[in-house]
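One structure is given here, and the rest of the page talks about it.
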Amino acid sequence: MTTKIHAVVDALGNPLKFELTPGQAHDSVKGYEMLSQFDLSNREVLADRAYDTDAIRTLLREQNAVAVIPSKKNRRVQHVYDRTVYKERHLVECFFNKMKNYRRLATRYDKTASMFKAFLALISIRIWLK
């Protein structure tokens with residue numbers, strides 16, 4: 001019941017990839033795995049504070065990508081980020097809002113992770129077709 005959905009969306013808010021993890025898994029671990037599968041050269045990567053880890057920042061630096069990630073409050077060295085560009089992160093939230101419009105997904109009717117992920121795929125296809 002505490003399954004987390006991790007999603008990567010494009011600049012228009014269309015889903016590119018999503019993964020499921022148990023609720024107790026930390027966001028940055030799956031985030032690193034998902035980002036390492038993409039060619040991020042000369043792109044801006046927008047993410048929230050949960051993805052502010054040295055591993056993710058190093059990955060983005062190696063691929064010549066710009067990290068638009070606010071620093072965690074407990075980080076000693078606060079990284080600078082472009083607040084204007086960061087406002088575009090609302091597209092990820094809009095994607096999750098579109099997903100929650102489907103009652104079957106919002107109330108988690110599917111008991112198995114495979115069925116839940118299959119329905120996520122169907123919703124993603126529908127979002128792409130709109």
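The way I read the labels, and the way they are meant: chains A, B, ... in the order of the structure tokens, residue 1 as the first residue of every chain, and ligand 1 as the first ligand shown, with later ones counted on from there.
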Residue contacts of Thr53 (chain A) (10 Å, only C-alpha atoms) excluding same-chain residues fewer than 2 positions away, as a VMD selection string: chain A and resid 28 to 29 32 49 to 51 55 to 58 69 71 to 72 75
Emit the selected residues as a compact mmCIF listing (two decimals), in the first residue's frame, including all heavy atoms.
# COMPACT_ATOMS: atom_id res chain seq x y z
N SER A 28 16.49 8.78 -3.73
CA SER A 28 17.73 9.04 -4.46
C SER A 28 18.36 7.78 -5.03
O SER A 28 19.03 7.85 -6.06
CB SER A 28 18.73 9.76 -3.57
OG SER A 28 19.10 8.94 -2.48
N VAL A 29 18.15 6.64 -4.42
CA VAL A 29 18.73 5.40 -4.93
C VAL A 29 18.13 5.05 -6.28
O VAL A 29 18.84 4.81 -7.27
CB VAL A 29 18.52 4.24 -3.92
CG1 VAL A 29 19.03 2.93 -4.48
CG2 VAL A 29 19.18 4.57 -2.60
N TYR A 32 19.01 7.73 -9.00
CA TYR A 32 20.33 7.56 -9.61
C TYR A 32 20.29 6.49 -10.70
O TYR A 32 20.82 6.68 -11.79
CB TYR A 32 21.37 7.21 -8.54
CG TYR A 32 22.74 7.00 -9.12
CD1 TYR A 32 23.57 8.07 -9.38
CD2 TYR A 32 23.20 5.72 -9.43
CE1 TYR A 32 24.82 7.89 -9.92
CE2 TYR A 32 24.45 5.53 -9.97
CZ TYR A 32 25.26 6.61 -10.22
OH TYR A 32 26.50 6.41 -10.77
N ARG A 49 14.45 18.14 -3.54
CA ARG A 49 15.53 17.99 -2.57
C ARG A 49 15.91 16.54 -2.28
O ARG A 49 17.04 16.26 -1.90
CB ARG A 49 15.13 18.64 -1.24
CG ARG A 49 15.03 20.11 -1.31
CD ARG A 49 14.61 20.66 0.06
NE ARG A 49 14.12 22.01 -0.07
CZ ARG A 49 14.89 23.08 -0.02
NH1 ARG A 49 16.17 22.94 0.15
NH2 ARG A 49 14.37 24.28 -0.14
N ALA A 50 14.99 15.62 -2.42
CA ALA A 50 15.28 14.22 -2.12
C ALA A 50 16.38 13.66 -3.02
O ALA A 50 17.05 12.70 -2.67
CB ALA A 50 14.02 13.38 -2.26
N TYR A 51 16.57 14.27 -4.18
CA TYR A 51 17.57 13.79 -5.13
C TYR A 51 18.87 14.56 -5.03
O TYR A 51 19.73 14.46 -5.90
CB TYR A 51 17.01 13.88 -6.55
CG TYR A 51 15.79 12.99 -6.72
CD1 TYR A 51 14.51 13.50 -6.60
CD2 TYR A 51 15.94 11.64 -6.97
CE1 TYR A 51 13.40 12.70 -6.73
CE2 TYR A 51 14.84 10.82 -7.10
CZ TYR A 51 13.57 11.35 -6.98
OH TYR A 51 12.48 10.55 -7.10
N ALA A 55 26.23 11.52 -5.36
CA ALA A 55 26.28 10.58 -6.48
C ALA A 55 25.52 11.11 -7.69
O ALA A 55 26.01 11.03 -8.83
CB ALA A 55 25.71 9.23 -6.04
N ILE A 56 24.35 11.66 -7.47
CA ILE A 56 23.55 12.18 -8.58
C ILE A 56 24.22 13.43 -9.16
O ILE A 56 24.30 13.58 -10.38
CB ILE A 56 22.10 12.47 -8.12
CG1 ILE A 56 21.37 11.16 -7.85
CG2 ILE A 56 21.36 13.30 -9.16
CD1 ILE A 56 19.98 11.30 -7.31
N ARG A 57 24.72 14.29 -8.32
CA ARG A 57 25.40 15.49 -8.81
C ARG A 57 26.65 15.13 -9.61
O ARG A 57 26.96 15.75 -10.62
CB ARG A 57 25.74 16.43 -7.67
CG ARG A 57 24.50 17.12 -7.11
CD ARG A 57 24.88 18.22 -6.14
NE ARG A 57 23.70 18.86 -5.61
CZ ARG A 57 23.08 19.88 -6.19
NH1 ARG A 57 23.52 20.35 -7.32
NH2 ARG A 57 22.01 20.42 -5.62
N THR A 58 27.39 14.11 -9.17
CA THR A 58 28.57 13.66 -9.91
C THR A 58 28.17 13.08 -11.26
O THR A 58 28.81 13.35 -12.28
CB THR A 58 29.35 12.62 -9.09
OG1 THR A 58 29.69 13.19 -7.83
CG2 THR A 58 30.60 12.17 -9.80
N ILE A 69 18.71 21.37 -8.82
CA ILE A 69 18.23 20.65 -7.64
C ILE A 69 18.55 21.49 -6.41
O ILE A 69 19.72 21.81 -6.17
CB ILE A 69 18.93 19.27 -7.51
CG1 ILE A 69 18.75 18.45 -8.79
CG2 ILE A 69 18.42 18.52 -6.30
CD1 ILE A 69 19.59 17.19 -8.82
N SER A 71 19.45 22.34 -2.64
CA SER A 71 20.21 21.58 -1.65
C SER A 71 19.34 21.24 -0.45
O SER A 71 18.43 21.98 -0.10
CB SER A 71 21.41 22.41 -1.17
OG SER A 71 22.28 22.66 -2.23
N LYS A 72 19.67 20.12 0.16
CA LYS A 72 18.99 19.75 1.39
C LYS A 72 19.35 20.76 2.48
O LYS A 72 20.39 21.39 2.44
CB LYS A 72 19.43 18.35 1.84
CG LYS A 72 18.97 17.25 0.94
CD LYS A 72 19.46 15.93 1.50
CE LYS A 72 19.19 14.79 0.54
NZ LYS A 72 19.78 13.53 1.00
N ARG A 75 22.74 20.14 4.35
CA ARG A 75 23.99 20.12 3.58
C ARG A 75 24.85 21.30 4.01
O ARG A 75 24.38 22.42 4.09
CB ARG A 75 23.68 20.19 2.08
CG ARG A 75 24.89 19.91 1.21
CD ARG A 75 24.51 20.00 -0.25
NE ARG A 75 24.15 18.75 -0.86
CZ ARG A 75 25.04 17.86 -1.32
NH1 ARG A 75 26.32 18.10 -1.19
NH2 ARG A 75 24.62 16.77 -1.89
Quick one: pick out all alpha helix (DSSP H) residues within chain A from a backbone DSSP run and write them as a ChimeraX atom specification. /A:27-35,54-62,83-86,90-100,103-106,113-129
Surrounding residues of His6 (chain A) excluding itself and chain neighbours under 2 positions, 9 Å, only C-alpha atoms, as an MDAnalysis selection string: chainID A and resid 4 8 17:21 27 30:31 34
Rank nothing, just name the residue among A:Asn64, A:Ser41, A:Trp128, A:Thr2 nearest to Lys111 (chain A), using only C-alpha atoms. A:Thr2
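For the residues A:Asp10, A:Glu44, A:Asp54, A:Asp39, ranking by smallest atom-to-atom distance to Val85 (chain A) using only C-alpha atoms places A:Glu44 first.
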Quick one: pull the distance between CA of Gln63 (chain A) and CA of Arg89 (chain A), Å, one decimal.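 Distance between the two atoms: 20.5 Å.
A straight line drawn from CA of Arg126 (chain A) to CA of Phe96 (chain A) is 13.5 Å long.
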Please, what distance in Å, to one decimal, runs between CA of Ala67 (chain A) and CA of Arg83 (chain A)? 11.6 Å
For a quick check of understanding, using only C-alpha atoms, which of A:Leu40, A:Ala47, A:Ile125, A:Ile5 has the smallest distance to Ala25 (chain A)? A:Ile5
Taking the DSSP secondary structure from the backbone, can you list the residues of region 20-113 of chain A that are strand (DSSP E), as a PDB file with N, CA and C atoms, in the first residue's frame?
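Output saved as part-v3.pdb:
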ATOM      1  N   LEU A  20       8.652   1.439  -9.858  1.00  0.00           N
ATOM      2  CA  LEU A  20       7.997   1.278  -8.560  1.00  0.00           C
ATOM      3  C   LEU A  20       9.019   0.820  -7.534  1.00  0.00           C
ATOM      4  N   THR A  21       8.896   1.340  -6.324  1.00  0.00           N
ATOM      5  CA  THR A  21       9.731   0.881  -5.223  1.00  0.00           C
ATOM      6  C   THR A  21       8.863   0.749  -3.980  1.00  0.00           C
ATOM      7  N   GLU A  44      19.193  20.096 -18.813  1.00  0.00           N
ATOM      8  CA  GLU A  44      18.940  20.501 -17.442  1.00  0.00           C
ATOM      9  C   GLU A  44      18.084  19.429 -16.781  1.00  0.00           C
ATOM     10  N   VAL A  45      18.494  19.010 -15.614  1.00  0.00           N
ATOM     11  CA  VAL A  45      17.768  17.985 -14.873  1.00  0.00           C
ATOM     12  C   VAL A  45      17.161  18.650 -13.647  1.00  0.00           C
ATOM     13  N   LEU A  46      15.834  18.650 -13.583  1.00  0.00           N
ATOM     14  CA  LEU A  46      15.113  19.261 -12.475  1.00  0.00           C
ATOM     15  C   LEU A  46      14.640  18.164 -11.536  1.00  0.00           C
ATOM     16  N   VAL A  66      23.184  20.075 -16.397  1.00  0.00           N
ATOM     17  CA  VAL A  66      23.032  21.098 -15.361  1.00  0.00           C
ATOM     18  C   VAL A  66      22.049  20.572 -14.319  1.00  0.00           C
ATOM     19  N   ALA A  67      22.486  20.530 -13.081  1.00  0.00           N
ATOM     20  CA  ALA A  67      21.629  20.063 -11.985  1.00  0.00           C
ATOM     21  C   ALA A  67      20.842  21.245 -11.437  1.00  0.00           C
ATOM     22  N   VAL A  68      19.538  21.205 -11.622  1.00  0.00           N
ATOM     23  CA  VAL A  68      18.656  22.229 -11.050  1.00  0.00           C
ATOM     24  C   VAL A  68      17.932  21.554  -9.889  1.00  0.00           C
TER      25      VAL A  68
END
Just the residues within 12 Å of Cys94 (chain A), please, counting only C-alpha atoms, with nothing from its chain fewer than 4 positions along; format it as a ChimeraX atom specification. /A:7,9,11-15,88-90,98-101,127
